[in-house]
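This report refers to the structure that appears directly beneath it.
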Amino acid sequence: MNFFKLPFLLRLALAVISIIGIGYLIKLGQSILAPFFLAFLMAMLFLPIANFFEKRLKLPRSISTIISVTMMLVILTGLIYFFGSQISSFSRDLPHLTKQFNTVFHNLQTWVSHTFNVKIDEQLDYLDQGLGKLLSSSGIILGFTFGIFSSSLGFLAFFILFFIFILNYRRILNNFIVNVFNEKHKASVQEVVSEVRIMTKRYIIGLCLQIVIVSVLATTVLTILGVKYAVLLGVLTGLLNVIPYIGICISLLISCFIAFATGTVSSCIYVAIGYVIVHVIDGNIILPFVVGSKVKINALFSFIGILLGEHLWGISGMFLCIPAIAIIKIVFERVEGLQPWGRLLGEDEKPHKRKKSYKISKNITLKEMD
């Protein structure tokens with residue numbers, strides 16, 4: 001029975017039921033599927049490195065996999081060391097930072113009292129009520145923090161294991177995906193697999209370039225404005241910018257808070273203006289060249305994907321939603337009857353430009369996946 005020949009209402013009902021079922025399974029398998037998908041993305045990034053060690057240096061696949069894992073762990077350890085050293089420096093300056101914040105906060109209270117005729121005692125009563133509610137839920141906060149820490153360790157362990165398995169058994173996985181379909185569909189399936197692999201590699205590379213450029217821009221702006229911990233805040237801004245639209249807002253609030261605690265209200269305003277300029281440069285210059293050309297997902301479904309990703313997988317879902325939507329878009333564009341959905345996820349094309357077909361040789365793909 002051909003699904004696309006069924007009545008529209010029946011097709012819609014089956015599609016809705018399928019989406020609900022798949023969403024429930026994705027939510028249920030979060031602890032396994034989230035690190036597996038991230039490991040798949042990173043394996044696609046390290047695939048050329050593993051192929052180089054195997055084909056050029058004639059090393060066994062297990063050795064090339066171990067070298068790739070070692071390289072990834074060195075990069076991850078470097079990031080952890082950087083943030084650890086920066087946070088350690090931040091913690092040593094915490095008493096001085098607290099003193100400066102109290103001074104600035106007292107000046108702000110005085111300004112509010114003179115401007116809005118709200119006495120300082122009343123302001124303190126409001127703060128005490130809010131602080132009491134916060135302290136009453138300290139047990140919940142402590143449990144939540146411990147849960148995040150323990151789940152992060154489990155996520156990291158599963159991620160490393162999946163990364164090793166995907167790189168080591170990539171030929172078996174590739175052959176299974178291709179051969180599980182009918183013979184007449186093998187060419188199309190191989191084309192989809194190849195395009196997903198190349199898109200993933202280019203997307204991750206473009207994303208790393210975007211992180212570096214945004215980190216440099218944010219660090220430069222904060223350094224010029226004289227904000228303390230400019231390097232830490234700049235790198236944090238680059239990493240959080242991976243989450244479209246939301247990440248830059250979070251980093252803006254953190255940077256404004258540090259600028260307010262270590263400087264004046266005017267410094268906070270200048271930081272906000274600087275971040276707006278960085279975001280404009282990122283959205284109109286950096287993103288279209290290094291990321292937008294690799295993953296053409298329109299802003300509407302990017303934002304919807306972020307919300308769904310956070311609901312299903314939490315913070316990791318916010319980071320992984322865009323490449324997941326890009327893979328779904330590629331599959332939709334290659335399946336008969338689902339092409340309109342693929343075009344719905346993509347960007348609006350100009351009428352005078354034709355969409356170039358992207359075909360990849362089957363022999364070259366199989367050679368790279370071996």
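Going through the structure tokens in order, the chains are called A, B, and so on, while each chain numbers its residues from 1 and the ligands are numbered from 1 in the order shown.
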Alpha helix (DSSP H) per DSSP on the backbone: members of region 115-337 of chain A, as a PyMOL selection string: chain A and resi 115-116+120-136+138-168+170-179+186-224+230-240+246-262+265-281+299-313+315-334
Within 9 Å of Lys27 (chain A) using only C-alpha atoms, minus same-chain residues under 6 positions, as a PyMOL selection string: chain A and resi 33+311-313
Gln190 (chain A) surroundings by only C-alpha atoms, 7 Å radius, close-in-sequence under 3 positions cut, as a PyMOL selection string: chain A and resi 178+186-187+193-194+362
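We find CA of Met72 (chain A) and CA of Ile166 (chain A) to be spaced 14.3 Å apart.
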Counting only C-alpha atoms, what is within 10 Å of Arg170 (chain A), bar same-chain residues fewer than 2 positions away, as an mmCIF file with N, CA and C atoms, in the first residue's frame?
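What landed in selection10.cif:
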```
data_model
loop_
_atom_site.group_PDB
_atom_site.id
_atom_site.type_symbol
_atom_site.label_atom_id
_atom_site.label_comp_id
_atom_site.auth_asym_id
_atom_site.auth_seq_id
_atom_site.Cartn_x
_atom_site.Cartn_y
_atom_site.Cartn_z
ATOM 1 N N ALA A 43 32.292 11.960 15.348
ATOM 2 C CA ALA A 43 32.923 10.915 14.534
ATOM 3 C C ALA A 43 33.002 11.340 13.073
ATOM 4 N N MET A 44 31.972 12.023 12.588
ATOM 5 C CA MET A 44 32.015 12.532 11.218
ATOM 6 C C MET A 44 33.114 13.589 11.061
ATOM 7 N N LEU A 47 36.498 11.670 11.066
ATOM 8 C CA LEU A 47 36.604 10.611 10.061
ATOM 9 C C LEU A 47 37.771 10.827 9.100
ATOM 10 N N ILE A 164 34.066 5.855 20.081
ATOM 11 C CA ILE A 164 34.980 4.764 19.721
ATOM 12 C C ILE A 164 34.278 3.728 18.852
ATOM 13 N N PHE A 165 33.074 3.344 19.235
ATOM 14 C CA PHE A 165 32.357 2.294 18.497
ATOM 15 C C PHE A 165 31.989 2.755 17.090
ATOM 16 N N ILE A 166 31.534 4.004 16.955
ATOM 17 C CA ILE A 166 31.119 4.499 15.633
ATOM 18 C C ILE A 166 32.307 4.574 14.687
ATOM 19 N N LEU A 167 33.452 5.068 15.172
ATOM 20 C CA LEU A 167 34.633 5.129 14.318
ATOM 21 C C LEU A 167 35.149 3.734 13.970
ATOM 22 N N ASN A 168 35.120 2.839 14.919
ATOM 23 C CA ASN A 168 35.693 1.504 14.706
ATOM 24 C C ASN A 168 34.811 0.630 13.819
ATOM 25 N N ILE A 172 30.594 -1.246 8.931
ATOM 26 C CA ILE A 172 29.424 -2.095 9.188
ATOM 27 C C ILE A 172 28.158 -1.254 9.245
ATOM 28 N N LEU A 173 28.223 -0.110 9.923
ATOM 29 C CA LEU A 173 27.055 0.754 10.026
ATOM 30 C C LEU A 173 26.654 1.308 8.662
ATOM 31 N N ASN A 174 27.648 1.707 7.863
ATOM 32 C CA ASN A 174 27.352 2.252 6.538
ATOM 33 C C ASN A 174 26.724 1.193 5.645
ATOM 34 N N ASN A 175 27.277 -0.021 5.648
ATOM 35 C CA ASN A 175 26.731 -1.099 4.812
ATOM 36 C C ASN A 175 25.322 -1.494 5.250
ATOM 37 N N PHE A 176 25.075 -1.461 6.555
ATOM 38 C CA PHE A 176 23.730 -1.800 7.037
ATOM 39 C C PHE A 176 22.701 -0.788 6.553
ATOM 40 N N MET A 369 34.347 5.825 3.565
ATOM 41 C CA MET A 369 33.748 5.224 4.760
ATOM 42 C C MET A 369 34.466 3.957 5.182
ATOM 43 N N ASP A 370 35.287 3.351 4.321
ATOM 44 C CA ASP A 370 35.999 2.129 4.691
ATOM 45 C C ASP A 370 37.033 2.390 5.780
#
```
Spatial neighbours of Ile224 (chain A), max dist 12 Å, only C-alpha atoms, sep filter under 5 positions, as an MDAnalysis selection string: chainID A and resid 217:219 230:231 267 270:271 274
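For the residues A:Phe36, A:Asn51, A:Gly78, A:Phe181, ranking by smallest atom-to-atom distance to Leu156 (chain A) using only C-alpha atoms places A:Phe36 first.
For the residues A:Asn179, A:Asn102, A:Asn298, A:Thr237, ranking by smallest atom-to-atom distance to Phe260 (chain A) using only C-alpha atoms places A:Asn102 first.
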Non-local contacts of Ser188 (chain A) (12 Å; only C-alpha atoms; under 3 positions in same chain excluded) as a PyMOL selection string: chain A and resi 177-179+181-185+191-195+330-336+358-362
For the selection you just gave me, I'd like the residues written to a file as a compact mmCIF listing (two decimals), in the first residue's frame, keeping N, CA, C and O atoms.
```txt
# COMPACT_ATOMS: atom_id res chain seq x y z
N ILE A 177 23.04 0.52 6.67
CA ILE A 177 22.09 1.55 6.26
C ILE A 177 21.79 1.45 4.77
O ILE A 177 20.65 1.63 4.33
N VAL A 178 22.81 1.13 3.97
CA VAL A 178 22.62 1.06 2.52
C VAL A 178 21.88 -0.21 2.12
O VAL A 178 20.95 -0.19 1.29
N ASN A 179 22.25 -1.35 2.71
CA ASN A 179 21.70 -2.63 2.27
C ASN A 179 20.35 -2.97 2.87
O ASN A 179 19.70 -3.92 2.43
N PHE A 181 17.72 -1.27 2.59
CA PHE A 181 16.69 -0.86 1.65
C PHE A 181 16.75 -1.71 0.38
O PHE A 181 17.72 -2.44 0.15
N ASN A 182 15.70 -1.58 -0.44
CA ASN A 182 15.65 -2.33 -1.69
C ASN A 182 16.78 -1.91 -2.62
O ASN A 182 17.33 -0.81 -2.52
N GLU A 183 17.06 -2.79 -3.58
CA GLU A 183 18.16 -2.54 -4.50
C GLU A 183 17.95 -1.26 -5.31
O GLU A 183 18.91 -0.52 -5.58
N LYS A 184 16.71 -0.96 -5.68
CA LYS A 184 16.44 0.21 -6.51
C LYS A 184 16.63 1.52 -5.75
O LYS A 184 16.76 2.59 -6.36
N HIS A 185 16.63 1.44 -4.41
CA HIS A 185 16.81 2.66 -3.61
C HIS A 185 18.23 2.82 -3.10
O HIS A 185 18.52 3.81 -2.40
N GLU A 191 23.48 8.29 -1.54
CA GLU A 191 23.62 9.73 -1.74
C GLU A 191 23.24 10.48 -0.48
O GLU A 191 23.91 11.45 -0.08
N VAL A 192 22.15 10.05 0.19
CA VAL A 192 21.73 10.70 1.43
C VAL A 192 22.78 10.52 2.52
O VAL A 192 23.15 11.47 3.22
N VAL A 193 23.31 9.30 2.66
CA VAL A 193 24.33 9.03 3.67
C VAL A 193 25.57 9.89 3.43
O VAL A 193 26.14 10.46 4.36
N SER A 194 25.96 9.99 2.16
CA SER A 194 27.16 10.78 1.82
C SER A 194 26.94 12.25 2.11
O SER A 194 27.82 12.93 2.67
N GLU A 195 25.78 12.77 1.75
CA GLU A 195 25.51 14.18 1.96
C GLU A 195 25.40 14.50 3.45
O GLU A 195 25.85 15.55 3.90
N ILE A 330 17.75 17.00 4.82
CA ILE A 330 18.39 16.28 3.73
C ILE A 330 17.60 15.02 3.38
O ILE A 330 17.38 14.70 2.20
N VAL A 331 17.15 14.29 4.40
CA VAL A 331 16.37 13.07 4.15
C VAL A 331 15.06 13.41 3.47
O VAL A 331 14.64 12.74 2.51
N PHE A 332 14.37 14.45 3.94
CA PHE A 332 13.10 14.85 3.34
C PHE A 332 13.27 15.23 1.87
O PHE A 332 12.41 14.93 1.03
N GLU A 333 14.37 15.90 1.54
CA GLU A 333 14.58 16.34 0.16
C GLU A 333 14.86 15.17 -0.78
O GLU A 333 14.75 15.32 -2.00
N ARG A 334 15.20 14.00 -0.23
CA ARG A 334 15.52 12.85 -1.07
C ARG A 334 14.40 11.80 -1.10
O ARG A 334 14.50 10.83 -1.85
N VAL A 335 13.37 11.96 -0.29
CA VAL A 335 12.27 10.99 -0.22
C VAL A 335 11.08 11.53 -1.00
O VAL A 335 10.65 12.68 -0.80
N GLU A 336 10.56 10.71 -1.89
CA GLU A 336 9.43 11.12 -2.72
C GLU A 336 8.20 11.38 -1.85
O GLU A 336 7.82 10.58 -1.01
N TYR A 358 23.24 18.14 -5.75
CA TYR A 358 24.47 17.76 -5.09
C TYR A 358 24.61 16.26 -5.16
O TYR A 358 23.99 15.53 -4.40
N LYS A 359 25.39 15.78 -6.12
CA LYS A 359 25.54 14.35 -6.33
C LYS A 359 26.96 13.94 -5.98
O LYS A 359 27.92 14.62 -6.31
N ILE A 360 27.07 12.80 -5.36
CA ILE A 360 28.36 12.32 -4.92
C ILE A 360 28.57 10.93 -5.47
O ILE A 360 27.64 10.10 -5.51
N SER A 361 29.75 10.66 -5.91
CA SER A 361 30.05 9.35 -6.48
C SER A 361 29.98 8.28 -5.43
O SER A 361 30.50 8.43 -4.32
N LYS A 362 29.35 7.19 -5.79
CA LYS A 362 29.18 6.10 -4.84
C LYS A 362 30.52 5.46 -4.49
O LYS A 362 30.79 5.11 -3.35
```
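Here CA of Leu207 (chain A) stands at a distance of 19.6 Å from CA of Ile277 (chain A).
When CA of Leu45 (chain A) is paired with CA of Ile198 (chain A), their separation reads 9.0 Å.
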Who sits within 12 Å of region 199-201 of chain A, only C-alpha atoms, same chain under 3 positions skipped, as an NGL selection string: :A and (37-49 or 191-196 or 204-208 or 291-296 or 320 or 322-330 or 358)
